[in-house]
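A.B. asks: Just passing along the structure, written as structure tokens.
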Amino acid sequence: MKNVLVLGASLKQDRYSNMAMKKLASNHFKVMGLGYKEGEVSGMKIQTEAFRIPDVYAVTIYLNPYNQKGFYEYVLGLKPDKVIFNPGAENREFESFLEAQGIYTERACTLVLLSMNAF
């Protein structure tokens, strides 16, 4: 199983980050969430403090660019294979930092990528 971090994870079922967590898990990814409220989504933890994750395959971002700033170093330190910027999360500055470290970035919807088997 590949490790995926959902940055901006929400406990609210109508949020796309919540839907993505469930869809990622149903596609056999090990999903972890980092959000503003601690809790669980279908047995997957959402934490409020940055935590260590080994071998991160992907980070999928659901935060607007302003709210991403505090997570630049954290995400860079995880050294994921790729970072997905979901609609509304597009951030050229952060993308540039990631790409300079050899991390693939993509502006796309995680839910759409999963539905097309392209995640």
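Quick note on naming: the chains in the structure tokens go A, B, ... in the order shown, residues restart at 1 in each chain, and ligands are numbered from 1 in order of appearance.
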Which polymer residues have any atom within 7 Å of an atom of Gly88 of chain A, counting only C-alpha atoms, with same-chain residues fewer than 2 positions away left out, as a list in words?

C.D. replies: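 Listed by chain and then number, they are Asn64, Asn86 and Glu90 of chain A.
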
A.B. asks: Quick one: residues within 10 Å of segment 98-106 of chain A, only C-alpha atoms, excluding same-chain residues fewer than 6 positions away - as a list of chain:residue names?

C.D. replies: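 The residues that qualify are A:Ala58, A:Val59, A:Thr60, A:Tyr72, A:Glu73, A:Val75, A:Leu76, A:Lys79, A:Pro80, A:Asp81, A:Lys82, A:Val83, A:Ile84, A:Phe85, A:Asn86, A:Glu90, A:Arg92.
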
A.B. asks: Give me a file of those residues, with N, CA, C and O atoms, as a compact mmCIF listing (two decimals), in the first residue's frame.

C.D. replies:
# COMPACT_ATOMS: atom_id res chain seq x y z
N ALA A 58 2.23 10.31 -2.17
CA ALA A 58 1.61 11.54 -2.65
C ALA A 58 1.06 12.36 -1.49
O ALA A 58 0.65 11.83 -0.47
N VAL A 59 1.05 13.68 -1.72
CA VAL A 59 0.34 14.62 -0.86
C VAL A 59 -0.70 15.27 -1.75
O VAL A 59 -0.38 15.76 -2.84
N THR A 60 -1.95 15.23 -1.32
CA THR A 60 -3.01 15.88 -2.09
C THR A 60 -3.54 17.04 -1.25
O THR A 60 -3.90 16.85 -0.08
N TYR A 72 4.91 24.38 3.89
CA TYR A 72 5.92 24.21 2.85
C TYR A 72 7.05 23.28 3.30
O TYR A 72 7.35 22.29 2.64
N GLU A 73 7.69 23.62 4.41
CA GLU A 73 8.84 22.83 4.88
C GLU A 73 8.42 21.41 5.25
O GLU A 73 9.16 20.45 4.99
N VAL A 75 5.91 19.54 4.00
CA VAL A 75 5.68 18.74 2.79
C VAL A 75 7.00 18.46 2.08
O VAL A 75 7.26 17.33 1.66
N LEU A 76 7.85 19.46 1.96
CA LEU A 76 9.16 19.24 1.34
C LEU A 76 9.95 18.18 2.10
O LEU A 76 10.60 17.33 1.50
N LYS A 79 9.27 14.48 1.35
CA LYS A 79 9.83 14.01 0.08
C LYS A 79 8.87 13.07 -0.67
O LYS A 79 9.23 11.94 -1.03
N PRO A 80 7.64 13.55 -0.90
CA PRO A 80 6.69 12.70 -1.63
C PRO A 80 7.11 12.55 -3.09
O PRO A 80 7.87 13.37 -3.62
N ASP A 81 6.61 11.52 -3.73
CA ASP A 81 6.84 11.36 -5.16
C ASP A 81 6.12 12.45 -5.93
O ASP A 81 6.61 12.92 -6.96
N LYS A 82 4.92 12.82 -5.45
CA LYS A 82 4.15 13.85 -6.14
C LYS A 82 3.25 14.60 -5.18
O LYS A 82 2.91 14.10 -4.11
N VAL A 83 2.86 15.80 -5.62
CA VAL A 83 1.93 16.63 -4.86
C VAL A 83 0.83 17.07 -5.83
O VAL A 83 1.12 17.59 -6.91
N ILE A 84 -0.41 16.83 -5.43
CA ILE A 84 -1.57 17.19 -6.23
C ILE A 84 -2.19 18.46 -5.64
O ILE A 84 -2.51 18.50 -4.45
N PHE A 85 -2.35 19.48 -6.47
CA PHE A 85 -3.02 20.71 -6.08
C PHE A 85 -4.44 20.65 -6.63
O PHE A 85 -4.66 20.80 -7.84
N ASN A 86 -5.39 20.39 -5.75
CA ASN A 86 -6.80 20.28 -6.15
C ASN A 86 -7.35 21.66 -6.50
O ASN A 86 -6.75 22.68 -6.15
N GLU A 90 -4.37 25.69 -6.16
CA GLU A 90 -3.26 25.98 -7.07
C GLU A 90 -2.34 27.03 -6.45
O GLU A 90 -2.82 28.04 -5.94
N ARG A 92 1.47 28.51 -7.48
CA ARG A 92 2.69 28.51 -8.30
C ARG A 92 3.96 28.59 -7.45
O ARG A 92 4.95 27.94 -7.77

A.B. asks: With distances taken over only C-alpha atoms, which of A:Ala20, A:Met32, A:Leu5, A:Ile61 is nearest to Val112 of chain A?

C.D. replies: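 Between A:Ala20, A:Met32, A:Leu5, A:Ile61, the residue approaching Val112 of chain A most closely is A:Ala20.
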
A.B. asks: Compare A:Lys23, A:Thr48, A:Ser17, A:Leu7 by their minimum atom-to-atom distance to Asn117 of chain A, counting only C-alpha atoms, and give me the closest one.

C.D. replies: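 Closest to Asn117 of chain A of all the choices is A:Lys23.
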
A.B. asks: For each of A:Leu34, A:Ala50, A:Tyr62, A:Phe97, take the minimum atom-to-atom distance to Cys109 of chain A, counting only C-alpha atoms, then give the residue where this is smallest.

C.D. replies: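 The closest residue to Cys109 of chain A is A:Tyr62.
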
A.B. asks: What is the atom CA of Pro65 of chain A-atom CA of Ala89 of chain A distance in Å, reported with one decimal?

C.D. replies: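 According to the coordinates, atom CA of Pro65 of chain A and atom CA of Ala89 of chain A are separated by 5.8 Å.
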
A.B. asks: Taking only C-alpha atoms into account, which of A:Val41, A:Tyr66, A:Thr110, A:Phe119 comes nearest Glu93 of chain A?

C.D. replies: A:Tyr66

A.B. asks: Kindly give the distance, in Å, that separates atom CA of Asn27 of chain A and atom CA of Asn3 of chain A, rounded to a single decimal.

C.D. replies: 11.8 Å

A.B. asks: Mind the document's chain letters and residue numbers, and return as an MDAnalysis selection string the residues of chain A that DSSP labels alpha helix (DSSP H).

C.D. replies: chainID A and resid 16:26 65:68 72:78 92:100 110:115

A.B. asks: Determine the nearest neighbour of Asn18 of chain A from the options A:Ala118, A:Glu49, A:Ser42, A:Val4, counting only C-alpha atoms.

C.D. replies: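 Smallest distance to Asn18 of chain A is found for A:Ser42.
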
A.B. asks: Write out as a ChimeraX atom specification each polymer residue whose atoms come within 12 Å of Arg15 of chain A, counting only C-alpha atoms; drop sequence neighbours fewer than 5 positions from it.

C.D. replies: /A:8-10,20-22,41,62-63,111

A.B. asks: Could you check the closest approach to Leu113 of chain A for each of A:Leu24, A:Gln13, A:Met44, A:Phe94 and tell me which residue wins, using only C-alpha atoms?

C.D. replies: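 Looking at the shortest contact to Leu113 of chain A, the residue is A:Leu24.
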